[in-house]
$ cat structure_8.cif   # mmCIF, C-alpha atoms
data_coords
#
loop_
_atom_site.label_atom_id
_atom_site.label_comp_id
_atom_site.auth_asym_id
_atom_site.auth_seq_id
_atom_site.Cartn_x
_atom_site.Cartn_y
_atom_site.Cartn_z
CA MET A 1 108.48 18.64 102.34
CA GLU A 2 106.26 17.38 105.10
CA SER A 3 104.56 20.74 105.40
CA SER A 4 103.83 20.79 101.70
CA GLU A 5 102.41 17.31 101.91
CA ALA A 6 100.19 18.35 104.78
CA ARG A 7 99.10 21.33 102.76
CA ALA A 8 98.38 19.15 99.77
CA ALA A 9 96.28 16.93 101.98
CA ALA A 10 94.36 19.97 103.16
CA VAL A 11 93.36 20.69 99.58
CA SER A 12 90.43 18.53 98.63
CA ARG A 13 91.61 15.39 96.93
CA PRO A 14 90.18 15.87 93.42
CA THR A 15 91.46 19.44 93.24
CA GLY A 16 94.90 18.49 94.46
CA LEU A 17 95.03 15.56 92.07
CA LEU A 18 93.99 17.81 89.20
CA LEU A 19 96.64 20.38 90.05
CA ALA A 20 99.32 17.74 90.37
CA LEU A 21 98.23 16.21 87.07
CA LEU A 22 98.23 19.55 85.27
CA GLY A 23 101.43 21.12 86.45
CA THR A 24 103.81 18.22 86.06
CA LEU A 25 105.88 17.46 83.01
CA THR A 26 106.61 13.99 81.76
CA SER A 27 110.18 12.71 81.65
CA THR A 28 110.56 13.77 78.03
CA GLY A 29 109.73 17.37 78.87
CA THR A 30 106.24 17.40 77.39
CA THR A 31 102.98 18.12 79.14
CA THR A 32 100.49 15.53 80.26
CA THR A 33 97.55 14.62 78.06
CA GLY A 34 95.11 16.35 80.41
CA GLU A 35 97.01 19.60 80.12
CA ALA A 36 97.20 19.22 76.35
CA ILE A 37 93.43 18.84 76.13
CA LEU A 38 92.93 21.87 78.40
CA PHE A 39 95.36 23.86 76.30
CA TRP A 40 93.76 23.09 72.96
CA VAL A 41 90.24 23.79 74.20
CA LEU A 42 91.27 27.05 75.83
CA ALA A 43 93.52 28.09 72.95
CA ILE A 44 90.67 27.85 70.46
CA VAL A 45 88.29 29.71 72.75
CA MET A 46 90.83 32.41 73.55
CA VAL A 47 91.91 33.06 69.97
CA ALA A 48 88.26 33.19 68.91
CA ALA A 49 87.50 35.66 71.71
CA ALA A 50 90.52 37.77 70.83
CA LEU A 51 89.42 37.90 67.20
CA GLY A 52 85.96 38.79 68.46
CA MET A 53 87.50 41.71 70.28
CA LEU A 54 89.29 42.78 67.13
CA PHE A 55 86.16 42.69 65.01
CA ALA A 56 83.52 43.61 67.59
CA ARG A 57 81.43 46.51 66.39
CA LYS A 58 80.39 47.54 69.87
CA ALA A 59 82.95 48.24 72.53
CA VAL A 60 80.97 46.35 75.17
CA HIS A 61 81.15 43.15 73.14
CA GLY A 62 84.88 43.70 72.80
CA ALA A 63 85.22 44.12 76.55
CA LEU A 64 83.31 40.90 77.19
CA SER A 65 85.49 39.00 74.71
CA MET A 66 88.49 40.41 76.54
CA VAL A 67 87.10 39.01 79.80
CA VAL A 68 86.87 35.58 78.17
CA VAL A 69 90.51 35.79 77.05
CA MET A 70 91.63 36.84 80.51
CA ILE A 71 89.80 34.03 82.28
CA GLY A 72 91.29 31.56 79.80
CA LEU A 73 94.72 32.96 80.62
CA ALA A 74 94.02 32.46 84.32
CA PHE A 75 93.26 28.79 83.61
CA LEU A 76 96.50 28.44 81.69
CA TYR A 77 98.48 30.05 84.53
CA VAL A 78 97.07 27.57 87.01
CA ALA A 79 97.84 24.74 84.61
CA GLN A 80 101.41 25.99 84.31
CA ASP A 81 102.22 25.81 88.01
CA ALA A 82 101.44 29.46 88.66
CA PRO A 83 98.27 29.34 90.78
CA PHE A 84 99.07 32.65 92.47
CA LEU A 85 99.24 34.46 89.16
CA GLY A 86 96.06 32.69 88.07
CA VAL A 87 94.20 34.09 91.06
CA VAL A 88 95.74 37.55 90.61
CA GLN A 89 94.75 37.43 86.96
CA VAL A 90 91.12 36.86 87.86
CA VAL A 91 91.07 39.34 90.73
CA VAL A 92 93.11 42.18 89.24
CA TYR A 93 92.55 41.88 85.52
CA THR A 94 89.12 40.41 85.11
CA GLY A 95 87.74 41.79 88.34
CA ALA A 96 89.23 45.26 88.51
CA VAL A 97 90.69 46.34 85.19
CA MET A 98 87.93 45.09 82.93
CA MET A 99 85.23 46.40 85.26
CA LEU A 100 86.99 49.77 85.10
CA PHE A 101 86.86 49.50 81.33
CA LEU A 102 83.14 48.77 81.46
CA PHE A 103 82.57 51.73 83.79
CA VAL A 104 84.36 54.05 81.37
CA LEU A 105 82.38 52.55 78.48
CA MET A 106 79.17 53.40 80.29
CA LEU A 107 80.43 56.93 80.99
CA VAL A 108 81.49 57.52 77.41
CA GLY A 109 78.32 56.00 76.03
CA VAL A 110 77.69 52.42 75.08
CA ASP A 111 76.61 53.28 71.58
CA ALA A 112 79.82 55.09 70.71
CA SER A 113 81.08 52.95 67.86
CA ASP A 114 84.06 53.43 65.62
CA SER A 115 83.90 56.05 62.95
CA LEU A 116 84.41 54.56 59.53
CA THR A 117 85.87 57.65 57.91
CA GLU A 118 89.51 57.21 57.06
CA THR A 119 91.72 60.02 58.25
CA LEU A 120 94.86 58.35 56.96
CA ARG A 121 94.42 56.63 53.64
CA GLY A 122 94.87 52.86 53.83
CA GLN A 123 95.93 52.99 57.46
CA ARG A 124 93.58 50.18 58.35
CA TRP A 125 94.93 47.79 55.76
CA LEU A 126 98.51 48.71 56.49
CA ALA A 127 97.89 48.09 60.18
CA ALA A 128 96.30 44.72 59.50
CA LEU A 129 99.21 43.81 57.24
CA GLY A 130 101.65 44.89 59.92
CA GLY A 131 99.86 42.73 62.50
CA LEU A 132 100.00 39.75 60.18
CA GLY A 133 103.69 40.34 59.52
CA LEU A 134 104.35 40.59 63.25
CA LEU A 135 102.53 37.29 63.76
CA ILE A 136 104.55 35.53 61.07
CA VAL A 137 107.88 36.87 62.31
CA LEU A 138 107.20 36.07 65.96
CA VAL A 139 105.83 32.59 65.24
CA GLY A 140 108.89 31.91 63.12
CA VAL A 141 111.18 32.99 65.94
CA VAL A 142 109.37 30.99 68.59
CA VAL A 143 109.05 27.82 66.54
CA ARG A 144 112.62 27.78 65.30
CA ALA A 145 114.27 28.66 68.61
CA GLU A 146 115.88 25.97 70.76
CA PHE A 147 114.75 26.12 74.36
CA GLY A 148 116.45 23.05 75.76
CA SER A 149 114.53 20.53 77.79
CA PRO A 150 111.91 22.11 80.06
CA LYS A 151 112.78 21.86 83.74
CA GLY A 152 109.33 22.32 85.29
CA LEU A 153 108.57 24.11 88.52
CA THR A 154 108.22 21.22 90.95
CA ASP A 155 111.49 22.10 92.70
CA ALA A 156 110.92 25.85 92.71
CA ASN A 157 107.37 25.38 94.00
CA ALA A 158 108.34 22.97 96.78
CA ASP A 159 106.94 25.29 99.46
CA SER A 160 103.83 26.05 97.40
CA ASN A 161 103.86 28.67 94.69
CA PRO A 162 102.78 31.77 96.70
CA VAL A 163 105.44 31.17 99.36
CA ALA A 164 108.20 30.77 96.80
CA LEU A 165 107.01 33.86 94.95
CA ALA A 166 106.85 35.86 98.18
CA ARG A 167 110.47 34.92 98.97
CA LEU A 168 111.52 36.37 95.63
CA VAL A 169 109.27 39.44 95.68
CA PHE A 170 110.16 40.46 99.25
CA GLY A 171 113.74 39.27 98.90
CA SER A 172 115.60 39.99 95.70
CA TYR A 173 112.89 42.27 94.29
CA ALA A 174 111.98 44.23 97.42
CA PHE A 175 113.20 47.50 95.95
CA ALA A 176 111.22 46.95 92.75
CA LEU A 177 108.18 46.30 94.89
CA GLU A 178 108.65 49.65 96.66
CA ILE A 179 109.00 51.43 93.35
CA VAL A 180 105.84 49.78 92.08
CA GLY A 181 104.02 50.93 95.21
CA ALA A 182 105.12 54.51 94.53
CA LEU A 183 103.96 54.10 90.94
CA LEU A 184 100.53 52.94 92.06
CA ILE A 185 100.13 55.90 94.43
CA THR A 186 101.21 58.28 91.68
CA ALA A 187 98.75 56.71 89.26
CA ALA A 188 95.90 56.99 91.74
CA VAL A 189 96.66 60.66 92.46
CA GLY A 190 97.11 61.32 88.75
CA ALA A 191 93.74 59.77 87.93
CA LEU A 192 92.11 61.92 90.61
CA ALA A 193 93.79 65.05 89.28
CA LEU A 194 92.88 64.25 85.68
CA THR A 195 89.21 63.61 86.33
CA HIS A 196 88.76 66.40 88.86
CA ARG A 197 86.36 69.14 87.83
CA ARG A 198 86.12 72.48 89.54
CA ARG A 199 82.62 73.62 90.38
CA LEU A 200 81.60 76.52 88.14
CA THR A 201 78.41 77.56 89.92
CA PRO A 202 77.90 77.99 93.65
CA ARG A 203 76.41 75.02 95.36
CA VAL A 204 72.65 75.19 95.92
CA THR A 205 71.89 73.88 99.35
CA GLN A 206 68.58 72.83 100.85
CA ARG A 207 68.29 76.17 102.63
CA GLU A 208 68.56 78.14 99.39
CA ARG A 209 66.05 75.87 97.71
CA SER A 210 63.51 76.32 100.50
CA GLU A 211 63.99 80.10 100.56
CA ALA A 212 63.48 80.27 96.82
CA ARG A 213 60.31 78.24 97.17
CA VAL A 214 58.92 80.59 99.84
CA LYS A 215 59.81 83.58 97.72
CA ALA A 216 58.02 82.09 94.71
CA GLY A 217 54.94 81.39 96.77
CA THR A 218 54.97 77.66 96.24
CA ALA A 219 56.08 76.74 99.71
CA ALA A 220 53.60 73.90 99.93
CA GLY A 221 54.63 72.53 96.56
CA LYS A 222 52.85 72.85 93.28
CA PRO A 223 49.14 72.04 93.35
CA ALA A 224 48.32 68.47 92.57
CA PRO A 225 44.98 67.37 91.09
CA GLY A 226 42.56 68.10 93.85
CA VAL A 227 38.88 67.98 94.68
CA TYR A 228 37.69 69.26 91.35
CA ALA A 229 40.10 67.30 89.23
CA ARG A 230 38.51 65.23 86.54
CA HIS A 231 41.71 63.28 85.83
CA ASN A 232 44.89 62.47 87.53
CA ALA A 233 46.71 62.19 84.22
CA MET A 234 49.98 64.12 84.07
CA ASP A 235 48.91 66.40 81.23
CA VAL A 236 45.63 67.58 82.74
CA PRO A 237 45.99 70.69 84.85
CA ALA A 238 44.58 70.65 88.34
CA LEU A 239 41.45 72.63 89.02
CA GLY A 240 41.60 75.00 91.92
CA PRO A 241 38.81 75.46 94.49
CA ASP A 242 37.27 78.04 92.18
CA GLY A 243 37.31 75.59 89.32
CA ARG A 244 40.02 77.37 87.37
CA PRO A 245 42.81 75.27 85.90
CA ILE A 246 46.18 75.83 87.57
CA GLU A 247 48.81 76.01 84.85
CA ALA A 248 51.68 75.43 87.22
CA SER A 249 50.39 71.99 88.15
CA VAL A 250 51.44 70.55 84.80
CA SER A 251 55.06 69.54 84.44
CA ARG A 252 57.13 72.19 82.72
CA VAL A 253 58.50 69.59 80.34
CA LEU A 254 55.03 68.74 79.05
CA ARG A 255 54.22 72.44 78.64
CA VAL A 256 57.38 73.06 76.63
CA ARG A 257 56.69 70.07 74.43
CA GLY A 258 53.13 71.23 73.88
CA GLN A 259 51.70 68.00 75.19
CA GLU A 260 49.55 69.68 77.78
CA ALA A 261 45.87 68.88 77.63
CA ASP A 262 43.54 71.74 76.82
CA ALA A 263 42.62 73.28 80.13
CA ARG A 264 39.51 74.95 78.72
CA GLU A 265 37.92 71.67 77.93
CA TYR A 266 38.03 70.72 81.55
CA ALA A 267 37.15 74.15 82.87
CA ALA A 268 34.32 74.85 80.46
CA ARG A 269 31.65 73.43 82.70
CA ILE A 270 32.89 75.43 85.65
CA ASP A 271 32.74 78.58 83.56
CA ARG A 272 29.15 77.84 82.84
CA VAL A 273 28.42 77.21 86.49
CA LEU A 274 30.07 80.43 87.53
CA SER A 275 28.40 82.59 84.93
CA GLY A 276 24.96 81.04 84.66
CA SER A 277 22.15 79.80 86.87
CA GLY A 278 20.59 76.49 87.85
CA SER A 279 19.00 76.10 84.43
CA THR A 280 22.39 76.15 82.75
CA ARG A 281 23.56 73.61 85.23
CA ARG A 282 20.72 71.39 84.12
CA ALA A 283 21.66 72.05 80.53
CA SER A 284 25.24 71.28 81.18
CA GLY A 285 24.18 68.11 82.92
CA ALA A 286 22.29 67.10 79.81
CA GLU A 287 25.21 68.03 77.65
CA GLU A 288 27.67 66.22 79.71
CA PRO A 289 27.98 62.92 77.87
CA ALA A 290 28.51 64.65 74.56
CA ALA A 291 30.91 67.34 75.76
CA LEU A 292 33.22 65.24 77.81
CA GLN A 293 34.60 61.81 77.31
CA GLU A 294 34.42 61.18 80.99
CA PRO A 295 32.15 58.18 81.35
CA PRO A 296 34.52 55.55 79.92
CA ILE A 297 37.21 56.81 82.27
CA GLU A 298 35.03 57.13 85.33
CA ALA A 299 33.30 53.87 84.75
CA PRO A 300 36.14 51.62 85.93
CA GLY A 301 36.50 53.73 89.05
CA GLU A 302 32.87 53.13 89.89
CA THR A 303 32.92 49.48 89.06
CA VAL A 304 35.71 48.80 91.49
CA PRO A 305 33.47 48.98 94.54
CA GLY A 306 30.76 47.32 92.49
CA ASP A 307 33.01 44.34 92.04
CA GLY A 308 31.59 42.93 95.24
CA PRO A 309 30.34 39.63 93.79
CA GLY A 310 33.77 38.84 92.45
CA GLY A 311 35.32 39.62 95.80
CA ASP A 312 32.74 37.47 97.54
CA GLY A 313 33.54 34.67 95.18
CA VAL A 314 37.15 34.86 96.24
CA LYS A 315 36.11 34.85 99.86
CA GLU A 316 33.96 31.78 99.38
CA LYS A 317 36.80 30.01 97.70
CA SER A 318 39.16 30.73 100.57
CA MET B 1 102.48 18.50 73.75
CA SER B 2 105.52 20.72 73.79
CA LEU B 3 105.64 23.92 75.81
CA THR B 4 106.30 25.82 72.56
CA ASN B 5 102.55 25.71 71.93
CA TYR B 6 102.03 28.10 74.82
CA LEU B 7 104.54 30.47 73.28
CA VAL B 8 102.81 30.31 69.90
CA LEU B 9 99.47 31.01 71.55
CA ALA B 10 101.01 34.00 73.33
CA VAL B 11 102.42 35.27 70.04
CA ILE B 12 99.04 34.93 68.33
CA LEU B 13 97.31 36.84 71.12
CA PHE B 14 100.03 39.49 71.02
CA SER B 15 99.60 40.02 67.28
CA ILE B 16 95.84 40.27 67.61
CA GLY B 17 96.28 42.81 70.40
CA ALA B 18 98.74 44.83 68.33
CA THR B 19 96.38 44.80 65.35
CA THR B 20 93.52 45.91 67.59
CA ALA B 21 95.58 48.79 68.95
CA LEU B 22 96.45 49.88 65.43
CA VAL B 23 93.16 49.37 63.63
CA ARG B 24 90.47 50.45 66.05
CA ARG B 25 89.63 54.14 66.23
CA SER B 26 87.84 54.09 69.56
CA ALA B 27 90.39 54.93 72.23
CA ILE B 28 88.93 52.36 74.58
CA MET B 29 89.19 49.55 72.04
CA ALA B 30 92.78 50.52 71.21
CA PHE B 31 93.50 50.49 74.91
CA MET B 32 92.02 47.00 75.22
CA GLY B 33 94.39 45.91 72.47
CA VAL B 34 97.28 47.14 74.61
CA GLU B 35 95.89 45.13 77.51
CA LEU B 36 95.75 42.03 75.35
CA MET B 37 99.38 42.54 74.41
CA LEU B 38 100.36 42.80 78.07
CA ASN B 39 98.41 39.64 78.86
CA ALA B 40 100.10 37.74 76.05
CA THR B 41 103.48 38.83 77.37
CA ASN B 42 102.51 37.56 80.80
CA LEU B 43 101.64 34.16 79.36
CA MET B 44 105.03 34.07 77.71
CA LEU B 45 106.78 34.99 80.95
CA VAL B 46 104.94 32.27 82.86
CA THR B 47 105.79 29.71 80.19
CA PHE B 48 109.46 30.66 80.20
CA SER B 49 109.44 30.50 83.99
CA ARG B 50 108.29 26.90 83.66
CA LEU B 51 110.79 26.15 80.90
CA HIS B 52 113.70 27.32 83.01
CA GLY B 53 112.47 26.05 86.35
CA ASN B 54 112.88 29.55 87.73
CA LEU B 55 110.20 31.66 89.39
CA THR B 56 111.67 35.01 88.34
CA GLY B 57 109.47 34.99 85.25
CA GLN B 58 106.38 34.77 87.41
CA VAL B 59 107.63 37.64 89.57
CA LEU B 60 108.11 39.69 86.44
CA ALA B 61 104.61 38.79 85.25
CA PHE B 62 103.29 39.94 88.63
CA PHE B 63 105.02 43.29 88.24
CA VAL B 64 103.66 43.61 84.73
CA MET B 65 100.16 43.14 86.12
CA VAL B 66 100.69 45.86 88.74
CA VAL B 67 102.13 48.31 86.22
CA ALA B 68 99.30 47.49 83.81
CA ALA B 69 96.76 48.29 86.51
CA ALA B 70 98.39 51.68 87.10
CA GLU B 71 98.54 52.29 83.37
CA VAL B 72 94.86 51.46 82.95
CA VAL B 73 93.86 53.88 85.69
CA VAL B 74 95.78 56.79 84.16
CA GLY B 75 94.84 55.91 80.59
CA LEU B 76 91.14 55.71 81.33
CA ALA B 77 91.32 58.99 83.26
CA ILE B 78 92.88 60.60 80.19
CA ILE B 79 90.17 59.12 77.96
CA ILE B 80 87.47 60.50 80.26
CA SER B 81 89.00 63.96 80.43
CA ILE B 82 89.32 64.04 76.64
CA PHE B 83 85.74 62.87 76.34
CA ARG B 84 84.62 65.73 78.57
CA THR B 85 86.27 68.39 76.46
CA ARG B 86 85.86 66.91 72.97
CA HIS B 87 82.67 64.84 73.46
CA SER B 88 84.25 61.95 71.62
CA ALA B 89 86.25 58.88 72.52
CA SER B 90 87.76 58.48 69.09
CA VAL B 91 91.50 58.83 68.71
CA ASP B 92 90.95 60.76 65.47
CA ASP B 93 89.31 63.66 67.27
CA VAL B 94 92.32 64.37 69.43
CA ASN B 95 93.95 66.76 67.00
CA LEU B 96 94.22 69.99 68.93
CA LEU B 97 97.92 70.29 68.19
CA LYS B 98 97.27 70.03 64.45
CA SER B 99 97.43 73.47 62.86
#
$ encode --input "structure_8.cif" --output "structure tokens"
Amino acid sequence: MESSEARAAAVSRPTGLLLALLGTLTSTGTTTTGEAILFWVLAIVMVAAALGMLFARKAVHGALSMVVVMIGLAFLYVAQDAPFLGVVQVVVYTGAVMMLFLFVLMLVGVDASDSLTETLRGQRWLAALGGLGLLIVLVGVVVRAEFGSPKGLTDANADSNPVALARLVFGSYAFALEIVGALLITAAVGALALTHRRRLTPRVTQRERSEARVKAGTAAGKPAPGVYARHNAMDVPALGPDGRPIEASVSRVLRVRGQEADAREYAARIDRVLSGSGSTRRASGAEEPAALQEPPIEAPGETVPGDGPGGDGVKEKS
Amino acid sequence: MSLTNYLVLAVILFSIGATTALVRRSAIMAFMGVELMLNATNLMLVTFSRLHGNLTGQVLAFFVMVVAAAEVVVGLAIIISIFRTRHSASVDDVNLLKS
């Protein structure tokens, strides 16, 4: 008893007081008022969340409602003199199981919602009716049964709840614990075996990739917009040193979609330069504003260095 | 407040979980209904443990949690492998044995 008192003293006083207030039963076998308030608040929240899970259209909302129910249950466990189970509830159920659920939801696709086509006629209504009937029957059983006066767990939890539980689990139930361990290992191996996929194609390593690139002649990568580029937009092909557009420089996806910009438009001037003389260059220079919509795009690029006054203003301020 | 209220709450949660498992077509939602049923049973076990002044109920609840964790792992693995072959997580689409 002394050790438990010392332990209780180690717990901060408000927490210890709260736990002592929650777990105990009054002499008539009823709970304290504080526990009753906690119960009613949590009961309403939990039933609402459970109904939310039942009616949630999206599975993610259902999973989150389930998390609310589980955390409420953890509170109730702690209130009922089972702090170990309360912690396990949060760690194992809310922390591990529900996160696993969310992972699988993300794998399957968040938008996968229930199909509304009925494969069995009236199955939904029959199921709802069955659930209601189950509720009525079970509530009737629980309410009408005689349980005797509640004993409370103050004696059983004399050496703190985890210690008393450990005595039982590693004492009378040691064999069951071993079996459960074997079950967990089997489940883990089974999950691995179920989700394992054999590779259908040989693995492409870095070496094979580089060899393929050398063979295709693009060892240095595909050409990016270079010296003669008028744009660095994704859909405009790069112009090579000769001024010809390089088709391969545009992403294959854009080419397939047909969103590639017209290469001729950007190469037209070069064609003229290559075929004609200085006079055509003059002409093309005169044509330039009409033929190309370059100036509005180039203008900001030129005004950046010209932004000197603004920059000076900043400097003066600092 | 009597301890019976805890039992009634557990029964309500159990019924909602059972209805979810029966009504929902998405395998994951049905599975969550099963989880809710297991949780409700745990609450009942903890309450009975307190009623009888005996920790065995809590030990049993602990084992239920462990078994539920194993069950979730295998069940979700089955759902994923079905999703890979059938491209659906609906329980209605698992009808390969139907002639």
$ resolve_selection --input "structure_8.cif" --expression "the PyMOL selection byres ((chain B and resi 59-70) around 6)" --output "PyMOL selection string"
(chain A and resi 184+187) or (chain B and resi 42+56-58+71-73)
$ write_last_selection --input "structure_8.cif" --atoms "C-alpha atoms" --output "mmCIF file, in the coordinates of the input"
data_model
loop_
_atom_site.group_PDB
_atom_site.id
_atom_site.type_symbol
_atom_site.label_atom_id
_atom_site.label_comp_id
_atom_site.auth_asym_id
_atom_site.auth_seq_id
_atom_site.Cartn_x
_atom_site.Cartn_y
_atom_site.Cartn_z
ATOM 1 C CA LEU A 184 100.530 52.940 92.060
ATOM 2 C CA ALA A 187 98.750 56.710 89.260
ATOM 3 C CA ASN B 42 102.510 37.560 80.800
ATOM 4 C CA THR B 56 111.670 35.010 88.340
ATOM 5 C CA GLY B 57 109.470 34.990 85.250
ATOM 6 C CA GLN B 58 106.380 34.770 87.410
ATOM 7 C CA GLU B 71 98.540 52.290 83.370
ATOM 8 C CA VAL B 72 94.860 51.460 82.950
ATOM 9 C CA VAL B 73 93.860 53.880 85.690
#
$ residues_around --input "structure_8.cif" --residues "range 144-151 of chain A" --least-positions-apart "3" --cutoff "9 Å" --atoms "only C-alpha atoms" --output "mmCIF file with C-alpha atoms, in the coordinates of the input"
data_model
loop_
_atom_site.group_PDB
_atom_site.id
_atom_site.type_symbol
_atom_site.label_atom_id
_atom_site.label_comp_id
_atom_site.auth_asym_id
_atom_site.auth_seq_id
_atom_site.Cartn_x
_atom_site.Cartn_y
_atom_site.Cartn_z
ATOM 1 C CA LEU A 25 105.880 17.460 83.010
ATOM 2 C CA THR A 28 110.560 13.770 78.030
ATOM 3 C CA GLY A 29 109.730 17.370 78.870
ATOM 4 C CA THR A 30 106.240 17.400 77.390
ATOM 5 C CA VAL A 139 105.830 32.590 65.240
ATOM 6 C CA GLY A 140 108.890 31.910 63.120
ATOM 7 C CA VAL A 141 111.180 32.990 65.940
ATOM 8 C CA THR A 154 108.220 21.220 90.950
ATOM 9 C CA LEU B 3 105.640 23.920 75.810
ATOM 10 C CA THR B 4 106.300 25.820 72.560
ATOM 11 C CA PHE B 48 109.460 30.660 80.200
ATOM 12 C CA ARG B 50 108.290 26.900 83.660
ATOM 13 C CA LEU B 51 110.790 26.150 80.900
ATOM 14 C CA HIS B 52 113.700 27.320 83.010
ATOM 15 C CA GLY B 53 112.470 26.050 86.350
ATOM 16 C CA ASN B 54 112.880 29.550 87.730
#
$ resolve_selection --input "structure_8.cif" --expression "the PyMOL selection byres ((chain A and resi 109) around 12)" --output "VMD selection string"
(chain A and resid 58 to 60 101 to 108 110 to 113) or (chain B and resid 26 28 80 83 to 84 87 to 90)
$ closest_residue --input "structure_8.cif" --among "B:Ala77, B:Leu9, B:Ile16, B:Met1" --to "Leu36 in chain B" --atoms "only C-alpha atoms"
B:Ile16
$ atom_distance --input "structure_8.cif" --atom1 "CA of Thr24 in chain A" --atom2 "CA of Tyr6 in chain B"
15.1 Å
$ resolve_selection --input "structure_8.cif" --expression "the PyMOL selection byres ((chain B and resi 37) around 12)" --output "mmCIF file with C-alpha atoms, in the coordinates of the input"
data_model
loop_
_atom_site.group_PDB
_atom_site.id
_atom_site.type_symbol
_atom_site.label_atom_id
_atom_site.label_comp_id
_atom_site.auth_asym_id
_atom_site.auth_seq_id
_atom_site.Cartn_x
_atom_site.Cartn_y
_atom_site.Cartn_z
ATOM 1 C CA ALA A 50 90.520 37.770 70.830
ATOM 2 C CA MET A 66 88.490 40.410 76.540
ATOM 3 C CA VAL A 69 90.510 35.790 77.050
ATOM 4 C CA MET A 70 91.630 36.840 80.510
ATOM 5 C CA GLY A 131 99.860 42.730 62.500
ATOM 6 C CA LEU B 9 99.470 31.010 71.550
ATOM 7 C CA ALA B 10 101.010 34.000 73.330
ATOM 8 C CA VAL B 11 102.420 35.270 70.040
ATOM 9 C CA ILE B 12 99.040 34.930 68.330
ATOM 10 C CA LEU B 13 97.310 36.840 71.120
ATOM 11 C CA PHE B 14 100.030 39.490 71.020
ATOM 12 C CA SER B 15 99.600 40.020 67.280
ATOM 13 C CA ILE B 16 95.840 40.270 67.610
ATOM 14 C CA GLY B 17 96.280 42.810 70.400
ATOM 15 C CA ALA B 18 98.740 44.830 68.330
ATOM 16 C CA THR B 19 96.380 44.800 65.350
ATOM 17 C CA THR B 20 93.520 45.910 67.590
ATOM 18 C CA ALA B 21 95.580 48.790 68.950
ATOM 19 C CA LEU B 22 96.450 49.880 65.430
ATOM 20 C CA ALA B 30 92.780 50.520 71.210
ATOM 21 C CA PHE B 31 93.500 50.490 74.910
ATOM 22 C CA MET B 32 92.020 47.000 75.220
ATOM 23 C CA GLY B 33 94.390 45.910 72.470
ATOM 24 C CA VAL B 34 97.280 47.140 74.610
ATOM 25 C CA GLU B 35 95.890 45.130 77.510
ATOM 26 C CA LEU B 36 95.750 42.030 75.350
ATOM 27 C CA LEU B 38 100.360 42.800 78.070
ATOM 28 C CA ASN B 39 98.410 39.640 78.860
ATOM 29 C CA ALA B 40 100.100 37.740 76.050
ATOM 30 C CA THR B 41 103.480 38.830 77.370
ATOM 31 C CA ASN B 42 102.510 37.560 80.800
ATOM 32 C CA LEU B 43 101.640 34.160 79.360
ATOM 33 C CA MET B 44 105.030 34.070 77.710
ATOM 34 C CA VAL B 64 103.660 43.610 84.730
ATOM 35 C CA MET B 65 100.160 43.140 86.120
ATOM 36 C CA ALA B 68 99.300 47.490 83.810
#
$ build_atoms --input "structure_8.cif" --residues "range 52-63 of chain B" --atoms "N, CA and C atoms" --output "tab-separated table (two decimals), keeping the file's coordinate frame"
chain	number	residue	atom	x	y	z
B	52	HIS	N	112.40	27.21	82.36
B	52	HIS	CA	113.70	27.32	83.01
B	52	HIS	C	113.69	26.86	84.46
B	53	GLY	N	112.52	26.48	84.97
B	53	GLY	CA	112.47	26.05	86.35
B	53	GLY	C	112.83	27.16	87.33
B	54	ASN	N	112.45	28.38	86.98
B	54	ASN	CA	112.88	29.55	87.73
B	54	ASN	C	111.69	30.47	87.91
B	55	LEU	N	111.42	30.90	89.14
B	55	LEU	CA	110.20	31.66	89.39
B	55	LEU	C	110.33	33.14	89.03
B	56	THR	N	111.50	33.58	88.62
B	56	THR	CA	111.67	35.01	88.34
B	56	THR	C	110.69	35.49	87.27
B	57	GLY	N	110.42	34.62	86.29
B	57	GLY	CA	109.47	34.99	85.25
B	57	GLY	C	108.11	35.30	85.82
B	58	GLN	N	107.68	34.51	86.80
B	58	GLN	CA	106.38	34.77	87.41
B	58	GLN	C	106.40	36.08	88.18
B	59	VAL	N	107.53	36.37	88.86
B	59	VAL	CA	107.63	37.64	89.57
B	59	VAL	C	107.51	38.80	88.59
B	60	LEU	N	108.17	38.64	87.46
B	60	LEU	CA	108.11	39.69	86.44
B	60	LEU	C	106.68	39.85	85.92
B	61	ALA	N	106.00	38.72	85.70
B	61	ALA	CA	104.61	38.79	85.25
B	61	ALA	C	103.75	39.52	86.29
B	62	PHE	N	104.02	39.26	87.56
B	62	PHE	CA	103.29	39.94	88.63
B	62	PHE	C	103.50	41.44	88.55
B	63	PHE	N	104.75	41.86	88.34
B	63	PHE	CA	105.02	43.29	88.24
B	63	PHE	C	104.36	43.88	87.01
